[in-house]
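**Student:** Here you go, query.tsv (TSV, C-alpha atoms):
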chain	number	residue	atom	x	y	z
A	1	MET	CA	4.50	19.30	-44.50
A	2	THR	CA	6.15	16.56	-42.57
A	3	ARG	CA	4.46	15.35	-39.47
A	4	LYS	CA	6.29	16.00	-36.21
A	5	ALA	CA	7.46	12.99	-34.21
A	6	LYS	CA	4.95	12.25	-31.49
A	7	VAL	CA	5.99	14.05	-28.33
A	8	MET	CA	5.02	12.62	-24.97
A	9	LYS	CA	2.34	14.76	-23.36
A	10	CYS	CA	1.54	15.15	-19.69
A	11	ALA	CA	-1.48	12.86	-19.98
A	12	ASP	CA	0.72	10.14	-21.57
A	13	LEU	CA	3.19	10.53	-18.76
A	14	LEU	CA	0.47	10.18	-16.17
A	15	ARG	CA	-0.67	6.89	-17.66
A	16	MET	CA	2.87	5.51	-17.43
A	17	LEU	CA	3.63	6.99	-14.04
A	18	ASN	CA	3.38	3.67	-12.19
A	19	ASP	CA	5.78	1.89	-14.50
A	20	TYR	CA	8.27	4.74	-14.26
A	21	VAL	CA	8.10	5.06	-10.48
A	22	ASP	CA	8.39	1.27	-10.09
A	23	GLY	CA	11.35	1.10	-12.50
A	24	ASP	CA	9.31	-1.20	-14.71
A	25	ILE	CA	9.39	0.80	-17.92
A	26	ASP	CA	10.70	0.03	-21.39
A	27	PRO	CA	14.10	1.81	-21.79
A	28	GLY	CA	12.97	3.58	-24.97
A	29	ILE	CA	9.84	4.91	-23.31
A	30	CYS	CA	11.84	5.79	-20.21
A	31	LYS	CA	14.03	8.05	-22.36
A	32	GLU	CA	10.95	9.82	-23.75
A	33	PHE	CA	9.58	10.08	-20.23
A	34	GLU	CA	12.74	11.71	-18.97
A	35	LYS	CA	12.87	14.04	-21.96
A	36	HIS	CA	9.41	15.21	-21.03
A	37	LEU	CA	10.39	15.65	-17.39
A	38	ALA	CA	13.39	17.74	-18.40
A	39	ARG	CA	11.09	20.36	-19.95
A	40	CYS	CA	8.03	20.02	-17.73
A	41	ASN	CA	8.47	21.16	-14.15
A	42	PRO	CA	4.91	20.33	-13.01
A	43	CYS	CA	5.28	16.70	-14.14
A	44	THR	CA	8.66	16.51	-12.41
A	45	ILE	CA	7.00	17.70	-9.22
A	46	VAL	CA	4.15	15.19	-9.57
A	47	VAL	CA	6.61	12.31	-9.98
A	48	ASP	CA	8.54	13.51	-6.93
A	49	ASN	CA	5.29	13.92	-4.93
A	50	VAL	CA	4.21	10.38	-5.80
A	51	ARG	CA	7.57	8.93	-4.77
A	52	LYS	CA	7.43	10.80	-1.47
A	53	THR	CA	3.83	9.68	-0.91
A	54	ILE	CA	4.80	6.03	-1.31
A	55	THR	CA	7.87	6.37	0.92
A	56	LEU	CA	5.91	8.16	3.63
A	57	TYR	CA	3.20	5.51	3.73
A	58	ARG	CA	5.71	2.67	3.60
A	59	GLU	CA	7.64	4.09	6.54
A	60	LYS	CA	4.76	5.31	8.67
A	61	SER	CA	1.99	2.75	8.22
A	62	VAL	CA	2.98	0.82	11.32
A	63	PHE	CA	0.50	0.12	14.10
A	64	GLU	CA	1.55	-0.93	17.57
A	65	LEU	CA	-0.19	-4.01	18.92
A	66	PRO	CA	-2.50	-3.07	21.83
A	67	ALA	CA	-0.90	-4.59	24.95
A	68	LEU	CA	-4.10	-6.33	26.09
A	69	PHE	CA	-4.57	-7.93	22.72
A	70	GLN	CA	-0.94	-9.03	22.63
A	71	ALA	CA	-1.43	-10.84	25.96
A	72	ARG	CA	-4.67	-12.41	24.68
A	73	LEU	CA	-2.99	-13.54	21.46
A	74	HIS	CA	-0.13	-15.27	23.24
A	75	ALA	CA	-2.52	-16.88	25.72
A	76	ALA	CA	-4.62	-18.24	22.83
A	77	LEU	CA	-1.50	-19.59	21.16
A	78	ARG	CA	-0.30	-21.29	24.33
A	79	GLU	CA	-3.74	-22.85	24.74
A	80	LYS	CA	-3.59	-24.07	21.15
A	81	GLY	CA	-0.07	-25.36	21.77
A	82	ARG	CA	-1.22	-27.36	24.79
A	83	SER	CA	-4.20	-28.90	22.98
A	84	LYS	CA	-2.10	-29.73	19.90
A	85	HIS	CA	0.48	-31.39	22.09
A	86	ALA	CA	-2.24	-33.28	24.00
A	87	ARG	CA	-3.78	-34.75	20.84
A	88	LYS	CA	-0.47	-35.64	19.20
A	89	PRO	CA	-0.68	-39.36	18.29
A	90	LYS	CA	1.77	-41.63	20.10
A	91	ARG	CA	4.22	-43.45	17.87
B	92	MET	CA	9.32	-7.54	-15.39
B	93	ASP	CA	7.36	-7.53	-12.21
B	94	THR	CA	9.16	-5.62	-9.51
B	95	SER	CA	8.52	-6.14	-5.84
B	96	VAL	CA	10.22	-4.96	-2.74
B	97	PRO	CA	11.41	-7.78	-0.46
B	98	ILE	CA	9.17	-7.62	2.58
B	99	ILE	CA	11.38	-9.61	4.89
B	100	PRO	CA	15.10	-8.74	4.98
B	101	ARG	CA	17.36	-11.76	4.45
B	102	ALA	CA	19.01	-11.63	7.88
B	103	LEU	CA	15.60	-11.65	9.52
B	104	SER	CA	14.35	-14.51	7.38
B	105	ASP	CA	17.51	-16.57	8.06
B	106	ALA	CA	16.91	-16.27	11.79
B	107	ASP	CA	13.25	-17.10	11.18
B	108	ASN	CA	14.18	-20.26	9.27
B	109	ALA	CA	16.07	-21.58	12.28
B	110	LEU	CA	13.07	-20.84	14.50
B	111	VAL	CA	10.71	-22.50	12.02
B	112	ARG	CA	12.82	-25.68	12.04
B	113	ARG	CA	12.75	-25.74	15.85
B	114	ALA	CA	9.02	-25.01	15.94
B	115	LYS	CA	8.37	-27.85	13.52
B	116	THR	CA	9.94	-30.27	15.96
B	117	GLY	CA	7.45	-29.16	18.61
B	118	ASP	CA	9.41	-26.33	20.26
B	119	PHE	CA	6.57	-24.01	21.19
B	120	GLU	CA	8.89	-21.28	22.46
B	121	ALA	CA	10.42	-21.06	19.00
B	122	PHE	CA	6.97	-20.55	17.50
B	123	GLU	CA	6.15	-17.90	20.07
B	124	GLU	CA	9.37	-16.13	19.18
B	125	LEU	CA	8.27	-16.15	15.53
B	126	VAL	CA	4.95	-14.63	16.56
B	127	SER	CA	6.70	-11.92	18.58
B	128	ARG	CA	8.90	-11.07	15.61
B	129	HIS	CA	6.00	-10.70	13.17
B	130	GLU	CA	2.93	-9.73	15.21
B	131	ARG	CA	3.41	-6.00	14.71
B	132	GLY	CA	3.86	-6.39	10.95
B	133	VAL	CA	0.81	-8.62	10.60
B	134	TYR	CA	-1.27	-6.31	12.81
B	135	SER	CA	-0.20	-3.30	10.72
B	136	LEU	CA	-1.12	-5.13	7.53
B	137	ALA	CA	-4.55	-6.02	8.96
B	138	MET	CA	-5.13	-2.48	10.24
B	139	ASN	CA	-4.13	-0.99	6.90
B	140	MET	CA	-6.47	-3.32	5.06
B	141	LEU	CA	-9.42	-3.18	7.43
B	142	ARG	CA	-9.09	0.18	9.26
B	143	GLN	CA	-10.89	-1.33	12.23
B	144	ARG	CA	-9.11	-2.47	15.38
B	145	GLN	CA	-11.36	-5.34	16.45
B	146	ASP	CA	-11.41	-6.88	12.98
B	147	ALA	CA	-7.64	-6.46	12.71
B	148	GLU	CA	-7.11	-8.22	16.04
B	149	ASP	CA	-9.34	-11.11	14.92
B	150	VAL	CA	-7.36	-11.42	11.71
B	151	VAL	CA	-4.02	-11.47	13.56
B	152	GLN	CA	-5.19	-14.13	15.99
B	153	THR	CA	-6.77	-16.28	13.27
B	154	SER	CA	-3.63	-15.99	11.12
B	155	PHE	CA	-1.14	-17.04	13.80
B	156	LEU	CA	-3.37	-19.85	15.03
B	157	SER	CA	-3.69	-21.06	11.44
B	158	ALA	CA	0.08	-20.76	10.94
B	159	PHE	CA	0.63	-22.81	14.08
B	160	GLU	CA	-1.86	-25.46	13.00
B	161	ASN	CA	-0.38	-25.68	9.48
B	162	LEU	CA	3.30	-25.23	10.26
B	163	GLY	CA	4.04	-28.80	9.19
B	164	ARG	CA	2.77	-27.96	5.71
B	165	PHE	CA	4.87	-24.79	5.41
B	166	ARG	CA	7.48	-25.73	2.80
B	167	GLU	CA	9.82	-22.82	3.58
B	168	GLU	CA	9.97	-21.71	-0.05
B	169	ALA	CA	9.09	-18.21	1.15
B	170	ALA	CA	10.09	-16.50	4.39
B	171	PHE	CA	7.89	-17.25	7.40
B	172	GLY	CA	6.90	-13.57	7.55
B	173	THR	CA	5.74	-13.62	3.94
B	174	TRP	CA	3.80	-16.84	4.50
B	175	VAL	CA	1.98	-15.60	7.59
B	176	ARG	CA	1.23	-12.26	5.91
B	177	LYS	CA	-0.42	-14.10	3.03
B	178	ILE	CA	-2.55	-16.03	5.50
B	179	ALA	CA	-3.49	-12.67	7.04
B	180	VAL	CA	-4.36	-11.14	3.66
B	181	HIS	CA	-6.77	-14.02	2.98
B	182	ALA	CA	-8.28	-13.67	6.45
B	183	ALA	CA	-8.69	-9.91	6.01
B	184	LEU	CA	-10.29	-10.35	2.59
B	185	LYS	CA	-12.72	-12.80	4.15
B	186	VAL	CA	-13.72	-10.12	6.67
B	187	ILE	CA	-14.14	-7.61	3.84
B	188	ARG	CA	-16.34	-10.03	1.88
B	189	THR	CA	-18.50	-10.59	4.93
B	190	ARG	CA	-18.84	-6.83	5.34
B	191	LYS	CA	-19.77	-6.52	1.68
B	192	LYS	CA	-22.43	-9.19	1.70
B	193	ALA	CA	-25.05	-6.65	2.65
B	194	ARG	CA	-24.11	-4.59	-0.35
B	195	ILE	CA	-23.82	-7.63	-2.66
B	196	VAL	CA	-20.74	-6.29	-4.41
B	197	SER	CA	-17.74	-8.54	-4.88
B	198	LEU	CA	-14.19	-7.28	-5.13
B	199	LYS	CA	-14.02	-8.73	-8.60
B	200	HIS	CA	-17.11	-7.04	-9.94
B	201	ALA	CA	-16.38	-3.73	-8.29
B	202	ALA	CA	-13.38	-3.55	-10.62
B	203	GLU	CA	-15.59	-3.20	-13.67
B	204	ALA	CA	-16.40	0.39	-12.82
B	205	GLU	CA	-12.75	1.35	-12.86
B	206	LYS	CA	-12.18	1.77	-16.55
B	207	GLY	CA	-11.86	5.31	-17.83
B	208	SER	CA	-9.40	8.14	-17.82
B	209	VAL	CA	-6.83	8.70	-15.10
B	210	PRO	CA	-7.68	11.72	-12.93
B	211	HIS	CA	-5.30	14.59	-13.66
B	212	PRO	CA	-3.46	16.13	-10.68
B	213	ALA	CA	-5.41	19.19	-9.60
B	214	PHE	CA	-2.86	20.72	-7.26
B	215	ILE	CA	0.85	20.54	-7.87
B	216	ALA	CA	3.47	21.87	-5.50
B	217	GLU	CA	6.83	20.84	-4.12
B	218	TRP	CA	6.65	19.44	-0.63
B	219	ARG	CA	8.06	20.76	2.56
B	220	ASP	CA	9.54	18.17	4.91
B	221	PRO	CA	6.47	16.54	6.55
B	222	SER	CA	8.30	16.17	9.88
B	223	GLU	CA	8.85	19.94	9.93
B	224	VAL	CA	5.23	20.68	9.10
B	225	MET	CA	3.67	18.63	11.91
B	226	ASP	CA	4.49	16.35	14.79
B	227	ARG	CA	4.44	12.56	14.54
B	228	LYS	CA	0.92	12.16	15.89
B	229	ARG	CA	-0.60	14.64	13.48
B	230	LEU	CA	1.37	13.16	10.62
B	231	GLN	CA	-0.05	9.74	11.46
B	232	GLU	CA	-3.57	11.21	11.56
B	233	THR	CA	-3.04	12.90	8.20
B	234	LEU	CA	-1.86	9.65	6.63
B	235	ASP	CA	-4.78	7.76	8.19
B	236	GLN	CA	-7.27	10.28	6.83
B	237	GLY	CA	-5.79	9.85	3.37
B	238	MET	CA	-6.10	6.08	3.56
B	239	CYS	CA	-9.64	6.19	4.94
B	240	ALA	CA	-10.73	8.49	2.13
B	241	LEU	CA	-9.59	6.01	-0.52
B	242	PRO	CA	-12.18	3.64	-1.97
B	243	GLU	CA	-11.59	0.22	-0.44
B	244	LYS	CA	-10.58	-1.45	-3.70
B	245	GLN	CA	-7.86	1.17	-4.24
B	246	ARG	CA	-6.72	1.03	-0.64
B	247	LEU	CA	-6.26	-2.73	-0.73
B	248	VAL	CA	-4.05	-2.54	-3.80
B	249	PHE	CA	-2.02	0.34	-2.34
B	250	VAL	CA	-1.51	-1.55	0.93
B	251	LEU	CA	-0.42	-4.77	-0.74
B	252	ARG	CA	1.76	-3.19	-3.40
B	253	ASP	CA	3.23	-0.06	-1.84
B	254	ILE	CA	3.19	-0.75	1.89
B	255	GLU	CA	3.66	-4.52	1.94
B	256	GLY	CA	5.84	-4.52	-1.17
B	257	LEU	CA	4.08	-7.34	-3.04
B	258	SER	CA	4.50	-7.53	-6.79
B	259	VAL	CA	1.65	-6.57	-9.12
B	260	ARG	CA	1.23	-10.25	-9.94
B	261	GLU	CA	1.03	-11.31	-6.28
B	262	ALA	CA	-1.44	-8.55	-5.45
B	263	ALA	CA	-3.59	-9.54	-8.43
B	264	ARG	CA	-3.58	-13.17	-7.38
B	265	LEU	CA	-4.48	-12.44	-3.77
B	266	LEU	CA	-7.28	-10.06	-4.71
B	267	ALA	CA	-8.48	-12.31	-7.56
B	268	ILE	CA	-8.40	-9.47	-10.09
B	269	SER	CA	-6.35	-8.90	-13.24
B	270	GLU	CA	-2.89	-7.33	-13.18
B	271	GLY	CA	-4.33	-4.54	-15.32
B	272	ASN	CA	-6.88	-3.78	-12.65
B	273	VAL	CA	-4.18	-3.75	-9.99
B	274	LYS	CA	-2.26	-1.19	-12.02
B	275	VAL	CA	-5.28	1.03	-12.61
B	276	ARG	CA	-6.31	0.94	-8.95
B	277	LEU	CA	-2.75	1.57	-7.83
B	278	LEU	CA	-2.35	4.60	-10.08
B	279	ARG	CA	-5.62	6.06	-8.83
B	280	ALA	CA	-4.67	5.43	-5.21
B	281	ARG	CA	-1.22	6.95	-5.60
B	282	LEU	CA	-2.60	10.03	-7.36
B	283	ALA	CA	-5.40	10.47	-4.83
B	284	LEU	CA	-2.99	10.24	-1.89
B	285	ARG	CA	-0.50	12.53	-3.62
B	286	GLU	CA	-3.25	15.07	-4.15
B	287	LYS	CA	-4.33	14.97	-0.52
B	288	LEU	CA	-0.83	15.12	0.92
B	289	THR	CA	0.29	17.86	-1.47
B	290	ARG	CA	-2.50	20.07	-0.15
B	291	VAL	CA	-1.03	19.54	3.33
B	292	PHE	CA	2.71	19.53	2.64
B	293	GLY	CA	2.84	21.65	-0.53
B	294	ARG	CA	4.83	24.85	-0.25
B	295	GLU	CA	2.71	27.93	0.32
B	296	GLY	CA	2.14	29.80	-2.92
B	297	GLY	CA	3.98	27.12	-4.85
B	298	GLY	CA	0.90	25.52	-6.37
B	299	ILE	CA	0.62	25.03	-10.09
B	300	LEU	CA	-2.53	23.90	-11.79
B	301	PRO	CA	-2.60	21.13	-14.38
B	302	ALA	CA	-3.11	23.76	-17.05
B	303	HIS	CA	0.64	24.05	-17.46
B	304	PRO	CA	2.15	24.75	-20.89
B	305	HIS	CA	1.87	21.20	-22.26
B	306	GLU	CA	-1.84	21.06	-21.74
B	307	GLN	CA	-3.67	22.73	-24.60
B	308	ARG	CA	-7.07	23.07	-23.00
B	309	ARG	CA	-8.13	24.29	-19.61
B	310	SER	CA	-11.26	22.66	-18.42
B	311	THR	CA	-13.95	24.76	-16.78
B	312	SER	CA	-13.39	22.92	-13.51
B	313	ALA	CA	-9.64	23.58	-13.71
B	314	GLN	CA	-10.30	27.27	-14.26
B	315	ALA	CA	-12.69	27.33	-11.32
B	316	LEU	CA	-10.07	25.59	-9.18
B	317	LEU	CA	-7.44	28.11	-10.28
B	318	ARG	CA	-9.73	31.00	-9.26
B	319	SER	CA	-10.39	29.30	-5.93
B	320	TYR	CA	-6.67	28.74	-5.26
B	321	ARG	CA	-5.92	32.34	-6.16
B	322	ARG	CA	-8.54	33.51	-3.70
B	323	ARG	CA	-6.91	31.35	-1.03
B	324	GLY	CA	-3.46	32.54	-2.04
B	325	ARG	CA	-2.29	29.02	-2.91
B	326	VAL	CA	-1.16	30.05	-6.41
B	327	LYS	CA	0.20	33.25	-7.75
B	328	SER	CA	-1.85	35.11	-10.38
Just give me the structure of the file as structure tokens.

**Tutor:**
Amino acid sequence: MTRKAKVMKCADLLRMLNDYVDGDIDPGICKEFEKHLARCNPCTIVVDNVRKTITLYREKSVFELPALFQARLHAALREKGRSKHARKPKR
Amino acid sequence: MDTSVPIIPRALSDADNALVRRAKTGDFEAFEELVSRHERGVYSLAMNMLRQRQDAEDVVQTSFLSAFENLGRFREEAAFGTWVRKIAVHAALKVIRTRKKARIVSLKHAAEAEKGSVPHPAFIAEWRDPSEVMDRKRLQETLDQGMCALPEKQRLVFVLRDIEGLSVREAARLLAISEGNVKVRLLRARLALREKLTRVFGREGGGILPAHPHEQRRSTSAQALLRSYRRRGRVKS
């Protein structure tokens, strides 16, 4: 009996998920990966979920600077600017 | 190949370069303009890393003051925004190390416990459009809850790699861990966040358990989960 060529399983796919999602995967393995996706709907959904998760966080992880802090920050910088200017050696 | 997403768009960094050159000659207004252009990004980075407003504010202030003090040494090989973000990452890590002192666990050594199998997705379902499921405020809260639930070491990698767009190599260097550890932490973070968000945005009744046809064995816990989802109507019998 001849041994079957090793087929990529869901667990294998999961281990390589990062590389696939980041486009950092060996072309040969990528082909196997996509062959698996073509016949495995749950894995296709997981890959899609992960992509959407990353996109959502990348787009929405923005925090507005509190106005009071912003004023304090610029005041501290101006103070630093004045003292730096004051201690600048004369040429 | 180490892929990374450019953090600072070229047009923005070109304008920054002109401001940097003016600031280096002593034009304080130019420096202030640079701060205004990047303060929100640096604050977001600090908040994402630290999840605490006061600490994040301290990091932002320290970072811009340090950038101002060291502007003469900035060689402009990277964009100003990238440079100041790296200063902020170091400042935030310093805060984290101070927090950890009581627990006597370093970022480096915490990585040792990470080896082992990758957690299998427990709930799989196609997503609805998040903006149709909830308003902006609730969406933000949901994302925050997901981030807060992540172990710190995973969150830091996710923030640097996926939100800030650093390469695996850069994230590894900044966190002083191996690239392998970055990849393991990143995979765990992505899968954990996916799991959490899928339970919120997944289509009703569309859930599929990991015990799909390619998996030979169903673990006891998976079977228990399946029963629990069926009870809650999340998956069809």

**Student:** Compile the residues of chain B that lie within 8 Å of chain A, evaluated using all atoms listed in the file, and express the compilation as a PyMOL selection string.

**Tutor:** chain B and resi 92-94+119+123+130-132+134-135+138-139+148+152+155-156+209+211-212+215-218+231+234+253-255+274+277-278+281-282+284-285+288-289+299+301+303+305-306

**Student:** Okay, now the selection with C-alpha atoms, as a compact mmCIF listing (two decimals), keeping the file's coordinate frame?

**Tutor:**
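Final output, saved to out.txt:
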# COMPACT_ATOMS: atom_id res chain seq x y z
CA MET B 92 9.32 -7.54 -15.39
CA ASP B 93 7.36 -7.53 -12.21
CA THR B 94 9.16 -5.62 -9.51
CA PHE B 119 6.57 -24.01 21.19
CA GLU B 123 6.15 -17.90 20.07
CA GLU B 130 2.93 -9.73 15.21
CA ARG B 131 3.41 -6.00 14.71
CA GLY B 132 3.86 -6.39 10.95
CA TYR B 134 -1.27 -6.31 12.81
CA SER B 135 -0.20 -3.30 10.72
CA MET B 138 -5.13 -2.48 10.24
CA ASN B 139 -4.13 -0.99 6.90
CA GLU B 148 -7.11 -8.22 16.04
CA GLN B 152 -5.19 -14.13 15.99
CA PHE B 155 -1.14 -17.04 13.80
CA LEU B 156 -3.37 -19.85 15.03
CA VAL B 209 -6.83 8.70 -15.10
CA HIS B 211 -5.30 14.59 -13.66
CA PRO B 212 -3.46 16.13 -10.68
CA ILE B 215 0.85 20.54 -7.87
CA ALA B 216 3.47 21.87 -5.50
CA GLU B 217 6.83 20.84 -4.12
CA TRP B 218 6.65 19.44 -0.63
CA GLN B 231 -0.05 9.74 11.46
CA LEU B 234 -1.86 9.65 6.63
CA ASP B 253 3.23 -0.06 -1.84
CA ILE B 254 3.19 -0.75 1.89
CA GLU B 255 3.66 -4.52 1.94
CA LYS B 274 -2.26 -1.19 -12.02
CA LEU B 277 -2.75 1.57 -7.83
CA LEU B 278 -2.35 4.60 -10.08
CA ARG B 281 -1.22 6.95 -5.60
CA LEU B 282 -2.60 10.03 -7.36
CA LEU B 284 -2.99 10.24 -1.89
CA ARG B 285 -0.50 12.53 -3.62
CA LEU B 288 -0.83 15.12 0.92
CA THR B 289 0.29 17.86 -1.47
CA ILE B 299 0.62 25.03 -10.09
CA PRO B 301 -2.60 21.13 -14.38
CA HIS B 303 0.64 24.05 -17.46
CA HIS B 305 1.87 21.20 -22.26
CA GLU B 306 -1.84 21.06 -21.74

**Student:** Which polymer residues, whether protein, DNA or RNA, lie within 7 Å of the coordinate (0.6, -5.3, -13.6) when you count all atoms listed in the file? List them as a PDB file with C-alpha atoms, keeping the file's coordinate frame, using the chain letters and numbers from the file.

**Tutor:**
ATOM      1  CA  VAL B 259       1.650  -6.570  -9.120  1.00  0.00           C
ATOM      2  CA  ARG B 260       1.230 -10.250  -9.940  1.00  0.00           C
ATOM      3  CA  GLU B 270      -2.890  -7.330 -13.180  1.00  0.00           C
ATOM      4  CA  GLY B 271      -4.330  -4.540 -15.320  1.00  0.00           C
ATOM      5  CA  VAL B 273      -4.180  -3.750  -9.990  1.00  0.00           C
ATOM      6  CA  LYS B 274      -2.260  -1.190 -12.020  1.00  0.00           C
TER       7      LYS B 274
END

**Student:** Tell me, in Å to one decimal, how far CA of Arg264 in chain B is from CA of Arg164 in chain B.

**Tutor:**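 These two atoms are separated by 20.7 Å.
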
**Student:** Could you state the separation of CA of Ser269 in chain B and CA of Glu243 in chain B in Å, given to one decimal place?

**Tutor:**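 Between CA of Ser269 in chain B and CA of Glu243 in chain B the gap works out to 16.6 Å.
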
**Student:** Using all atoms listed in the file for the distances, tell me which of B:Ser157, B:Val151, B:Val175, B:Arg219 is nearest to Glu295 in chain B.

**Tutor:**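 Once distances to Glu295 in chain B are computed over all atoms listed in the file, the minimum belongs to B:Arg219.
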
**Student:** By how many Å are CA of His181 in chain B and CA of Ala283 in chain B apart?

**Tutor:**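 Separation between CA of His181 in chain B and CA of Ala283 in chain B: 25.7 Å.
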
**Student:** In the coordinates of the file, take the point (-6.8, -3.6, 0.0) and a cut-off of 9 Å; then, counting all atoms listed in the file, name each qualifying protein, DNA or RNA residue as a PyMOL selection string.

**Tutor:** chain B and resi 139-141+180+183-184+243-251+266

**Student:** I'd like the neighbourhood of range 105-107 of chain B as a PDB file with C-alpha atoms, in the coordinates of the input, where a residue qualifies if any of its atoms comes within 10 Å (using only C-alpha atoms), though same-chain residues fewer than 4 positions away should be ignored.

**Tutor:**
ATOM      1  CA  ILE B  99      11.380  -9.610   4.890  1.00  0.00           C
ATOM      2  CA  PRO B 100      15.100  -8.740   4.980  1.00  0.00           C
ATOM      3  CA  ARG B 101      17.360 -11.760   4.450  1.00  0.00           C
ATOM      4  CA  VAL B 111      10.710 -22.500  12.020  1.00  0.00           C
ATOM      5  CA  ARG B 112      12.820 -25.680  12.040  1.00  0.00           C
ATOM      6  CA  ARG B 113      12.750 -25.740  15.850  1.00  0.00           C
ATOM      7  CA  ALA B 121      10.420 -21.060  19.000  1.00  0.00           C
ATOM      8  CA  PHE B 122       6.970 -20.550  17.500  1.00  0.00           C
ATOM      9  CA  GLU B 124       9.370 -16.130  19.180  1.00  0.00           C
ATOM     10  CA  LEU B 125       8.270 -16.150  15.530  1.00  0.00           C
ATOM     11  CA  ARG B 128       8.900 -11.070  15.610  1.00  0.00           C
ATOM     12  CA  HIS B 129       6.000 -10.700  13.170  1.00  0.00           C
ATOM     13  CA  ALA B 170      10.090 -16.500   4.390  1.00  0.00           C
ATOM     14  CA  PHE B 171       7.890 -17.250   7.400  1.00  0.00           C
ATOM     15  CA  GLY B 172       6.900 -13.570   7.550  1.00  0.00           C
TER      16      GLY B 172
END

**Student:** Padding 8 Å on every side, please: axis-aligned box over the listed atoms of range 74-80 of chain A, centre and edge lengths to one decimal in Å, as AutoDock Vina command-line options.

**Tutor:**
--center_x -2.4 --center_y -19.7 --center_z 23.4 --size_x 20.5 --size_y 24.8 --size_z 20.6

**Student:** Since fewer atoms than expected are present, regenerate N, CA, C and O atoms for range 237-249 of chain B and write them as a PDB file, keeping the file's coordinate frame.

**Tutor:**
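Now in part10.pdb:
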ATOM      1  N   GLY B 237      -5.987  10.111   4.800  1.00  0.00           N
ATOM      2  CA  GLY B 237      -5.790   9.850   3.370  1.00  0.00           C
ATOM      3  C   GLY B 237      -6.203   8.439   3.014  1.00  0.00           C
ATOM      4  O   GLY B 237      -6.921   8.203   2.038  1.00  0.00           O
ATOM      5  N   MET B 238      -5.779   7.492   3.822  1.00  0.00           N
ATOM      6  CA  MET B 238      -6.100   6.080   3.560  1.00  0.00           C
ATOM      7  C   MET B 238      -7.592   5.826   3.686  1.00  0.00           C
ATOM      8  O   MET B 238      -8.179   5.101   2.892  1.00  0.00           O
ATOM      9  N   CYS B 239      -8.197   6.418   4.715  1.00  0.00           N
ATOM     10  CA  CYS B 239      -9.640   6.190   4.940  1.00  0.00           C
ATOM     11  C   CYS B 239     -10.471   6.781   3.811  1.00  0.00           C
ATOM     12  O   CYS B 239     -11.555   6.285   3.525  1.00  0.00           O
ATOM     13  N   ALA B 240      -9.960   7.848   3.201  1.00  0.00           N
ATOM     14  CA  ALA B 240     -10.730   8.490   2.130  1.00  0.00           C
ATOM     15  C   ALA B 240     -10.652   7.703   0.817  1.00  0.00           C
ATOM     16  O   ALA B 240     -11.445   7.928  -0.084  1.00  0.00           O
ATOM     17  N   LEU B 241      -9.714   6.784   0.720  1.00  0.00           N
ATOM     18  CA  LEU B 241      -9.590   6.010  -0.520  1.00  0.00           C
ATOM     19  C   LEU B 241     -10.719   4.984  -0.622  1.00  0.00           C
ATOM     20  O   LEU B 241     -11.073   4.369   0.376  1.00  0.00           O
ATOM     21  N   PRO B 242     -11.241   4.759  -1.819  1.00  0.00           N
ATOM     22  CA  PRO B 242     -12.180   3.640  -1.970  1.00  0.00           C
ATOM     23  C   PRO B 242     -11.462   2.341  -1.582  1.00  0.00           C
ATOM     24  O   PRO B 242     -10.261   2.200  -1.825  1.00  0.00           O
ATOM     25  N   GLU B 243     -12.199   1.442  -0.974  1.00  0.00           N
ATOM     26  CA  GLU B 243     -11.590   0.220  -0.440  1.00  0.00           C
ATOM     27  C   GLU B 243     -10.756  -0.549  -1.476  1.00  0.00           C
ATOM     28  O   GLU B 243      -9.660  -1.006  -1.199  1.00  0.00           O
ATOM     29  N   LYS B 244     -11.282  -0.661  -2.684  1.00  0.00           N
ATOM     30  CA  LYS B 244     -10.580  -1.450  -3.700  1.00  0.00           C
ATOM     31  C   LYS B 244      -9.224  -0.822  -4.043  1.00  0.00           C
ATOM     32  O   LYS B 244      -8.262  -1.525  -4.343  1.00  0.00           O
ATOM     33  N   GLN B 245      -9.155   0.512  -3.987  1.00  0.00           N
ATOM     34  CA  GLN B 245      -7.860   1.170  -4.240  1.00  0.00           C
ATOM     35  C   GLN B 245      -6.937   1.019  -3.036  1.00  0.00           C
ATOM     36  O   GLN B 245      -5.741   0.806  -3.170  1.00  0.00           O
ATOM     37  N   ARG B 246      -7.539   1.125  -1.854  1.00  0.00           N
ATOM     38  CA  ARG B 246      -6.720   1.030  -0.640  1.00  0.00           C
ATOM     39  C   ARG B 246      -6.057  -0.337  -0.529  1.00  0.00           C
ATOM     40  O   ARG B 246      -4.876  -0.444  -0.205  1.00  0.00           O
ATOM     41  N   LEU B 247      -6.815  -1.378  -0.850  1.00  0.00           N
ATOM     42  CA  LEU B 247      -6.260  -2.730  -0.730  1.00  0.00           C
ATOM     43  C   LEU B 247      -5.048  -2.908  -1.643  1.00  0.00           C
ATOM     44  O   LEU B 247      -4.031  -3.478  -1.255  1.00  0.00           O
ATOM     45  N   VAL B 248      -5.171  -2.420  -2.854  1.00  0.00           N
ATOM     46  CA  VAL B 248      -4.050  -2.540  -3.800  1.00  0.00           C
ATOM     47  C   VAL B 248      -2.852  -1.723  -3.301  1.00  0.00           C
ATOM     48  O   VAL B 248      -1.710  -2.200  -3.316  1.00  0.00           O
ATOM     49  N   PHE B 249      -3.110  -0.516  -2.827  1.00  0.00           N
ATOM     50  CA  PHE B 249      -2.020   0.340  -2.340  1.00  0.00           C
ATOM     51  C   PHE B 249      -1.316  -0.318  -1.149  1.00  0.00           C
ATOM     52  O   PHE B 249      -0.093  -0.322  -1.065  1.00  0.00           O
TER      53      PHE B 249
END
